[in-house]
>>> print(open('final-v8.tsv').read())   # TSV, C-alpha atoms
chain	number	residue	atom	x	y	z
A	25	GLY	CA	-11.69	-14.52	-1.13
A	26	SER	CA	-14.78	-12.99	0.33
A	27	GLY	CA	-13.15	-9.56	0.71
A	28	PRO	CA	-13.29	-7.26	3.67
A	29	GLY	CA	-16.66	-7.05	5.30
A	30	LEU	CA	-18.15	-9.87	3.23
A	31	THR	CA	-19.17	-13.24	4.60
A	32	PRO	CA	-18.68	-16.29	2.36
A	33	TYR	CA	-22.45	-16.36	1.80
A	34	ASN	CA	-22.54	-12.72	0.66
A	35	ALA	CA	-19.49	-13.27	-1.52
A	36	ALA	CA	-21.18	-16.20	-3.26
A	37	MET	CA	-24.37	-14.18	-3.78
A	38	SER	CA	-22.37	-11.29	-5.19
A	39	TYR	CA	-20.46	-13.67	-7.48
A	40	TYR	CA	-23.56	-15.32	-8.94
A	41	LEU	CA	-25.65	-12.17	-9.19
A	42	GLY	CA	-22.85	-10.31	-10.94
A	43	HIS	CA	-22.22	-13.00	-13.53
A	44	LEU	CA	-25.84	-14.07	-14.04
A	45	ALA	CA	-26.81	-10.46	-14.80
A	46	PHE	CA	-24.41	-10.67	-17.75
A	47	PHE	CA	-26.06	-13.94	-18.86
A	48	LEU	CA	-29.61	-12.65	-18.41
A	49	PHE	CA	-29.15	-9.46	-20.44
A	50	PRO	CA	-29.45	-11.20	-23.87
A	51	ILE	CA	-32.54	-13.06	-22.66
A	52	GLY	CA	-34.30	-9.83	-21.73
A	53	LEU	CA	-33.21	-8.06	-24.91
A	54	PHE	CA	-34.33	-10.78	-27.33
A	55	ALA	CA	-37.57	-11.43	-25.42
A	56	PHE	CA	-38.32	-7.72	-25.64
A	57	VAL	CA	-37.66	-7.73	-29.39
A	58	GLU	CA	-40.06	-10.64	-29.82
A	59	ASN	CA	-42.83	-8.92	-27.85
A	60	ALA	CA	-42.26	-5.55	-29.52
A	61	ILE	CA	-42.48	-7.05	-33.00
A	62	SER	CA	-44.94	-9.93	-32.41
A	63	SER	CA	-45.13	-10.65	-36.16
A	64	GLY	CA	-43.05	-11.70	-39.13
A	65	PRO	CA	-39.60	-13.05	-38.16
A	66	ALA	CA	-40.24	-12.58	-34.43
A	67	HIS	CA	-39.98	-16.35	-33.94
A	68	LEU	CA	-36.22	-16.06	-34.50
A	69	MET	CA	-35.97	-13.92	-31.39
A	70	ARG	CA	-37.99	-16.51	-29.47
A	71	TRP	CA	-35.45	-19.16	-30.35
A	72	ALA	CA	-32.61	-16.75	-29.45
A	73	TRP	CA	-33.80	-15.95	-25.92
A	74	ARG	CA	-34.73	-19.59	-25.30
A	75	PHE	CA	-31.22	-20.64	-26.34
A	76	HIS	CA	-29.64	-18.03	-24.07
A	77	SER	CA	-31.90	-19.18	-21.22
A	78	ALA	CA	-30.72	-22.77	-21.67
A	79	PHE	CA	-27.11	-21.59	-21.94
A	80	ALA	CA	-27.41	-19.58	-18.71
A	81	LEU	CA	-28.97	-22.53	-16.87
A	82	LEU	CA	-26.29	-24.89	-18.20
A	83	GLY	CA	-23.55	-22.45	-17.23
A	84	LEU	CA	-24.93	-22.13	-13.71
A	85	CYS	CA	-25.05	-25.90	-13.30
A	86	LEU	CA	-21.50	-26.34	-14.63
A	87	ASP	CA	-20.24	-23.68	-12.24
A	88	VAL	CA	-22.04	-25.14	-9.23
A	89	VAL	CA	-20.60	-28.62	-9.81
A	90	GLY	CA	-17.14	-27.11	-10.40
A	91	VAL	CA	-16.66	-28.13	-14.05
A	92	ILE	CA	-16.46	-24.73	-15.77
A	93	PRO	CA	-16.63	-21.41	-13.88
A	94	LEU	CA	-19.00	-18.72	-15.10
A	95	PRO	CA	-16.22	-16.21	-15.95
A	96	LEU	CA	-14.87	-18.63	-18.58
A	97	LEU	CA	-18.34	-19.19	-20.04
A	98	LYS	CA	-18.82	-15.44	-20.42
A	99	PHE	CA	-16.38	-15.50	-23.35
A	100	TRP	CA	-18.51	-18.02	-25.24
A	101	LEU	CA	-21.65	-16.14	-24.31
A	102	LEU	CA	-20.14	-12.99	-25.80
A	103	ILE	CA	-19.38	-14.82	-29.05
A	104	ILE	CA	-22.93	-16.19	-29.28
A	105	PHE	CA	-24.34	-12.78	-28.40
A	106	VAL	CA	-22.30	-11.09	-31.13
A	107	ILE	CA	-23.63	-13.66	-33.62
A	108	ASP	CA	-27.22	-13.11	-32.47
A	109	LEU	CA	-27.05	-9.30	-32.57
A	110	PRO	CA	-26.96	-8.97	-36.40
A	111	ILE	CA	-29.94	-11.34	-36.56
A	112	ALA	CA	-31.80	-9.15	-34.06
A	113	LEU	CA	-30.80	-6.12	-36.09
A	114	TRP	CA	-32.17	-7.62	-39.32
A	115	VAL	CA	-35.39	-8.77	-37.59
A	116	SER	CA	-35.90	-5.29	-36.13
A	117	ILE	CA	-35.38	-3.52	-39.46
A	118	GLU	CA	-37.78	-5.90	-41.22
A	119	ALA	CA	-40.42	-5.32	-38.55
A	120	ALA	CA	-39.97	-1.54	-38.65
A	121	ARG	CA	-40.92	-1.39	-42.32
A	122	GLY	CA	-44.57	-2.20	-41.69
A	123	GLY	CA	-44.89	-1.42	-37.99
A	124	ARG	CA	-46.66	1.35	-36.13
A	125	THR	CA	-44.93	4.62	-35.37
A	126	ASP	CA	-44.32	3.79	-31.72
A	127	VAL	CA	-42.93	0.37	-32.67
A	128	ARG	CA	-40.57	2.02	-35.15
A	129	ILE	CA	-39.35	4.42	-32.47
A	130	VAL	CA	-38.60	1.59	-30.05
A	131	ILE	CA	-36.90	-0.44	-32.77
A	132	ALA	CA	-34.80	2.59	-33.77
A	133	GLY	CA	-33.65	2.94	-30.16
A	134	MET	CA	-32.93	-0.77	-29.93
A	135	VAL	CA	-30.99	-0.79	-33.21
A	136	THR	CA	-28.92	2.11	-31.88
A	137	LEU	CA	-28.26	0.15	-28.70
A	138	ILE	CA	-27.18	-2.92	-30.68
A	139	LEU	CA	-24.89	-0.94	-33.00
A	140	PHE	CA	-23.28	0.93	-30.11
A	141	GLY	CA	-22.86	-2.36	-28.27
A	142	LEU	CA	-21.14	-3.92	-31.28
A	143	PHE	CA	-18.89	-0.87	-31.47
A	144	ASP	CA	-17.82	-1.31	-27.85
A	145	VAL	CA	-17.27	-5.05	-28.37
A	146	ALA	CA	-15.03	-4.28	-31.35
A	147	ARG	CA	-13.19	-1.66	-29.31
A	148	ALA	CA	-12.68	-4.04	-26.40
A	149	ASN	CA	-11.18	-6.65	-28.74
A	150	GLY	CA	-8.84	-4.20	-30.46
A	151	ILE	CA	-10.70	-4.18	-33.77
A	152	ILE	CA	-11.38	-0.47	-33.36
A	153	VAL	CA	-8.70	1.59	-31.64
A	154	THR	CA	-10.38	4.40	-29.71
A	155	ASP	CA	-11.16	5.46	-26.16
A	156	LEU	CA	-14.76	6.27	-27.09
A	157	GLU	CA	-17.43	4.17	-25.37
A	158	LEU	CA	-20.93	4.29	-26.85
A	159	PHE	CA	-22.95	1.54	-25.19
A	160	HIS	CA	-24.13	3.71	-22.29
A	161	TRP	CA	-25.33	6.32	-24.81
A	162	GLY	CA	-27.14	3.59	-26.70
A	163	THR	CA	-28.79	2.50	-23.47
A	164	PHE	CA	-29.86	6.09	-22.77
A	165	LEU	CA	-31.36	6.47	-26.27
A	166	PHE	CA	-33.12	3.12	-26.03
A	167	ILE	CA	-34.69	3.96	-22.68
A	168	GLY	CA	-35.76	7.35	-24.08
A	169	ALA	CA	-37.33	5.70	-27.14
A	170	LEU	CA	-39.08	3.16	-24.93
A	171	GLY	CA	-40.43	5.90	-22.64
A	172	TYR	CA	-41.68	7.94	-25.60
A	173	SER	CA	-43.36	4.87	-27.08
A	174	LEU	CA	-45.07	4.02	-23.79
A	175	GLU	CA	-46.27	7.63	-23.50
A	176	ARG	CA	-47.72	7.46	-27.03
A	177	ARG	CA	-49.50	4.21	-26.26
A	178	PHE	CA	-50.88	5.62	-23.03
A	179	VAL	CA	-52.28	8.65	-24.88
A	180	GLU	CA	-53.76	6.44	-27.62
A	181	ASN	CA	-55.35	4.11	-25.08
A	182	HIS	CA	-56.72	7.12	-23.18
A	183	HIS	CA	-58.32	8.50	-26.35
A	184	GLN	CA	-59.67	5.06	-27.23
A	185	LEU	CA	-61.17	4.77	-23.75
A	186	LYS	CA	-62.84	8.18	-24.13
A	187	ARG	CA	-64.27	7.18	-27.53
A	188	THR	CA	-65.55	3.90	-26.09
A	189	ASN	CA	-67.11	5.73	-23.14
A	190	ARG	CA	-68.77	8.24	-25.49
A	191	ASP	CA	-70.15	5.44	-27.66
A	192	LEU	CA	-71.45	3.69	-24.55
A	193	VAL	CA	-73.17	6.86	-23.35
A	194	ASN	CA	-74.76	7.33	-26.80
A	195	GLU	CA	-75.94	3.73	-26.78
A	196	ILE	CA	-77.46	4.16	-23.32
A	197	GLU	CA	-79.24	7.33	-24.46
A	198	GLU	CA	-80.57	5.55	-27.54
A	199	ARG	CA	-81.85	2.70	-25.41
A	200	GLU	CA	-83.51	5.12	-23.01
A	201	LYS	CA	-85.21	6.84	-25.95
A	202	ALA	CA	-86.39	3.48	-27.25
A	203	GLN	CA	-87.63	2.53	-23.78
A	204	ASN	CA	-89.51	5.83	-23.46
A	205	ALA	CA	-91.04	5.36	-26.90
A	206	LEU	CA	-92.09	1.82	-25.95
A	207	SER	CA	-93.63	3.08	-22.70
A	208	LEU	CA	-95.53	5.78	-24.61
A	209	ALA	CA	-96.80	3.25	-27.11
A	210	HIS	CA	-97.88	0.98	-24.26
A	211	GLN	CA	-99.81	3.87	-22.67
A	212	GLU	CA	-101.54	4.59	-25.99
A	213	VAL	CA	-102.51	0.93	-26.32
A	214	GLU	CA	-103.96	0.96	-22.79
A	215	GLN	CA	-105.90	4.13	-23.58
A	216	LEU	CA	-107.27	2.55	-26.76
A	217	LYS	CA	-108.27	-0.56	-24.80
A	218	ASP	CA	-110.09	1.57	-22.22
A	219	ARG	CA	-111.81	3.54	-24.96
A	220	LEU	CA	-112.81	0.37	-26.75
A	221	ALA	CA	-114.16	-1.10	-23.53
A	222	SER	CA	-116.19	2.07	-22.88
A	223	GLU	CA	-117.61	2.09	-26.41
A	224	ASN	CA	-118.42	-1.60	-26.08
A	225	VAL	CA	-120.38	-0.92	-22.89
A	226	TYR	CA	-122.18	1.97	-24.60
A	227	LEU	CA	-123.10	-0.17	-27.62
A	228	GLN	CA	-124.36	-2.97	-25.40
A	229	GLU	CA	-126.52	-0.45	-23.52
A	230	GLU	CA	-127.91	0.91	-26.81
A	231	ILE	CA	-128.72	-2.59	-28.02
A	232	ARG	CA	-130.45	-3.41	-24.73
A	233	LEU	CA	-132.59	-0.22	-24.90
A	234	GLU	CA	-133.59	-0.88	-28.49
A	235	HIS	CA	-134.50	-4.44	-27.57
A	236	ASN	CA	-136.73	-3.18	-24.71
A	237	LEU	CA	-138.46	-0.69	-27.02
A	238	ASP	CA	-139.23	-3.38	-29.55
A	239	GLU	CA	-140.91	-5.44	-26.90
>>> encode(input="final-v8.tsv", output="structure tokens")
Amino acid sequence: GSGPGLTPYNAAMSYYLGHLAFFLFPIGLFAFVENAISSGPAHLMRWAWRFHSAFALLGLCLDVVGVIPLPLLKFWLLIIFVIDLPIALWVSIEAARGGRTDVRIVIAGMVTLILFGLFDVARANGIIVTDLELFHWGTFLFIGALGYSLERRFVENHHQLKRTNRDLVNEIEEREKAQNALSLAHQEVEQLKDRLASENVYLQEEIRLEHNLDE
């Protein structure tokens, strides 16, 4: 039913938003892994999030036409997700070996999130008997690692911008010096031209006087 205070429209929106969020989580996670790594085996993550996107779209269509409801498809999604997680874990570890420091930090947070998520999945299915839940701690550590990485990149980009600005100022100063030197050389050439013109007039006058004396 729609529940107290909920119209059928709001109940449907709540139903789809609640279940689709579960379907969209793997898409966001694997797409993030691909963008964070962007080299080596990152293409595996591209195929993973594309597959989950197709699965989510197919699940939505099957639910809308009344063939298979989304809650039943969540079980198969969980199985596929559990299969994909070790692949994401291996891809992340491989990328961390030759990656930058900030990439390694993000990957470490993501690996922690994946391991804690697998722990909770095992606990939910009775493989591990404990009341301890770790996924929310993994999420906290992942967000912290992501924030630290973004802060590092911001600082690096800020320093790079300052270096670029300093180089640009130096280049402008060098060009101004070259322009001033060119202007000075041009003034010297003009002075030499004026001097040469004056001496030419003087020589012509001397020649004319000598010519008059000879006559």
>>> atom_distance(input="final-v8.tsv", atom1="CA of Phe159 in chain A", atom2="CA of Gly141 in chain A")
5.0 Å
>>> axis_aligned_box(input="final-v8.tsv", around="range 68-86 of chain A", padding_each_side="4 Å", output="lines of an AutoDock Vina configuration file")
center_x = -29.7
center_y = -20.1
center_z = -23.9
size_x = 24.5
size_y = 20.4
size_z = 29.2
>>> residues_around(input="final-v8.tsv", residues="Tyr172 in chain A", least_positions_apart="3", cutoff="9 Å", atoms="all atoms listed in the file", output="list in words")
Asp126, Ile129, Val130, Ile167, Gly168, Ala169, Glu175, Arg176 and Arg177 of chain A
>>> atom_distance(input="final-v8.tsv", atom1="CA of Thr163 in chain A", atom2="CA of Asn34 in chain A")
29.2 Å
>>> residues_around(input="final-v8.tsv", residues="range 105-107 of chain A", least_positions_apart="2", cutoff="12 Å", atoms="only C-alpha atoms", output="ChimeraX atom specification")
/A:46-51,53-54,72-73,75-76,79,98-103,109-114,138-139,141-146
>>> residues_near_point(input="final-v8.tsv", point="(-20.5, -21.9, -15.1)", cutoff="8 Å", atoms="all atoms listed in the file", output="list in words")
Leu82, Gly83, Leu84, Cys85, Leu86, Asp87, Val88, Gly90, Val91, Ile92, Pro93, Leu94, Pro95, Leu96 and Leu97 of chain A
>>> decode(input="final-v8.tsv", residues="range 132-154 of chain A", atoms="N, CA, C and O atoms", output="JSON list (two decimals), in the first residue's frame")
[["chain", "number", "residue", "atom", "x", "y", "z"],
["A", 132, "ALA", "N", 43.40, 3.19, -1.63],
["A", 132, "ALA", "CA", 43.43, 2.54, -0.32],
["A", 132, "ALA", "C", 42.08, 2.68, 0.38],
["A", 132, "ALA", "O", 41.57, 1.72, 0.97],
["A", 133, "GLY", "N", 41.48, 3.88, 0.31],
["A", 133, "GLY", "CA", 40.16, 4.07, 0.89],
["A", 133, "GLY", "C", 39.10, 3.23, 0.21],
["A", 133, "GLY", "O", 38.22, 2.66, 0.86],
["A", 134, "MET", "N", 39.21, 3.12, -1.12],
["A", 134, "MET", "CA", 38.22, 2.35, -1.86],
["A", 134, "MET", "C", 38.38, 0.85, -1.57],
["A", 134, "MET", "O", 37.38, 0.13, -1.44],
["A", 135, "VAL", "N", 39.62, 0.38, -1.48],
["A", 135, "VAL", "CA", 39.85, -1.03, -1.16],
["A", 135, "VAL", "C", 39.28, -1.35, 0.22],
["A", 135, "VAL", "O", 38.66, -2.40, 0.44],
["A", 136, "THR", "N", 39.47, -0.42, 1.17],
["A", 136, "THR", "CA", 38.89, -0.61, 2.50],
["A", 136, "THR", "C", 37.37, -0.69, 2.43],
["A", 136, "THR", "O", 36.74, -1.55, 3.08],
["A", 137, "LEU", "N", 36.78, 0.19, 1.62],
["A", 137, "LEU", "CA", 35.33, 0.16, 1.45],
["A", 137, "LEU", "C", 34.87, -1.17, 0.87],
["A", 137, "LEU", "O", 33.88, -1.76, 1.34],
["A", 138, "ILE", "N", 35.58, -1.67, -0.13],
["A", 138, "ILE", "CA", 35.20, -2.94, -0.76],
["A", 138, "ILE", "C", 35.33, -4.10, 0.22],
["A", 138, "ILE", "O", 34.43, -4.94, 0.34],
["A", 139, "LEU", "N", 36.45, -4.14, 0.95],
["A", 139, "LEU", "CA", 36.65, -5.23, 1.91],
["A", 139, "LEU", "C", 35.61, -5.21, 3.02],
["A", 139, "LEU", "O", 35.06, -6.25, 3.40],
["A", 140, "PHE", "N", 35.32, -4.02, 3.53],
["A", 140, "PHE", "CA", 34.31, -3.91, 4.58],
["A", 140, "PHE", "C", 32.93, -4.28, 4.04],
["A", 140, "PHE", "O", 32.11, -4.88, 4.76],
["A", 141, "GLY", "N", 32.66, -3.92, 2.76],
["A", 141, "GLY", "CA", 31.40, -4.29, 2.16],
["A", 141, "GLY", "C", 31.27, -5.79, 2.00],
["A", 141, "GLY", "O", 30.21, -6.37, 2.27],
["A", 142, "LEU", "N", 32.36, -6.45, 1.57],
["A", 142, "LEU", "CA", 32.35, -7.90, 1.46],
["A", 142, "LEU", "C", 32.15, -8.56, 2.83],
["A", 142, "LEU", "O", 31.46, -9.58, 2.95],
["A", 143, "PHE", "N", 32.74, -7.96, 3.85],
["A", 143, "PHE", "CA", 32.56, -8.48, 5.21],
["A", 143, "PHE", "C", 31.09, -8.44, 5.61],
["A", 143, "PHE", "O", 30.55, -9.41, 6.16],
["A", 144, "ASP", "N", 30.44, -7.31, 5.35],
["A", 144, "ASP", "CA", 29.02, -7.18, 5.72],
["A", 144, "ASP", "C", 28.14, -8.11, 4.89],
["A", 144, "ASP", "O", 27.13, -8.62, 5.39],
["A", 145, "VAL", "N", 28.50, -8.32, 3.60],
["A", 145, "VAL", "CA", 27.74, -9.26, 2.78],
["A", 145, "VAL", "C", 27.86, -10.66, 3.35],
["A", 145, "VAL", "O", 26.88, -11.41, 3.45],
["A", 146, "ALA", "N", 29.08, -11.05, 3.74],
["A", 146, "ALA", "CA", 29.29, -12.37, 4.33],
["A", 146, "ALA", "C", 28.53, -12.50, 5.65],
["A", 146, "ALA", "O", 27.96, -13.55, 5.96],
["A", 147, "ARG", "N", 28.52, -11.42, 6.42],
["A", 147, "ARG", "CA", 27.78, -11.45, 7.70],
["A", 147, "ARG", "C", 26.28, -11.58, 7.47],
["A", 147, "ARG", "O", 25.59, -12.34, 8.16],
["A", 148, "ALA", "N", 25.77, -10.86, 6.47],
["A", 148, "ALA", "CA", 24.34, -10.91, 6.19],
["A", 148, "ALA", "C", 23.89, -12.28, 5.70],
["A", 148, "ALA", "O", 22.73, -12.67, 5.89],
["A", 149, "ASN", "N", 24.80, -13.02, 5.06],
["A", 149, "ASN", "CA", 24.46, -14.35, 4.55],
["A", 149, "ASN", "C", 24.89, -15.47, 5.48],
["A", 149, "ASN", "O", 24.87, -16.64, 5.10],
["A", 150, "GLY", "N", 25.28, -15.13, 6.71],
["A", 150, "GLY", "CA", 25.60, -16.14, 7.70],
["A", 150, "GLY", "C", 26.95, -16.78, 7.55],
["A", 150, "GLY", "O", 27.28, -17.73, 8.27],
["A", 151, "ILE", "N", 27.78, -16.28, 6.62],
["A", 151, "ILE", "CA", 29.12, -16.85, 6.45],
["A", 151, "ILE", "C", 30.00, -16.46, 7.64],
["A", 151, "ILE", "O", 30.83, -17.26, 8.11],
["A", 152, "ILE", "N", 29.83, -15.24, 8.10],
["A", 152, "ILE", "CA", 30.53, -14.76, 9.30],
["A", 152, "ILE", "C", 29.48, -14.45, 10.35],
["A", 152, "ILE", "O", 28.54, -13.68, 10.09],
["A", 153, "VAL", "N", 29.64, -15.03, 11.51],
["A", 153, "VAL", "CA", 28.66, -14.84, 12.58],
["A", 153, "VAL", "C", 29.19, -13.76, 13.52],
["A", 153, "VAL", "O", 30.12, -13.98, 14.31],
["A", 154, "THR", "N", 28.64, -12.57, 13.42],
["A", 154, "THR", "CA", 29.02, -11.45, 14.27],
["A", 154, "THR", "C", 27.97, -10.35, 14.14],
["A", 154, "THR", "O", 27.23, -10.30, 13.15]]
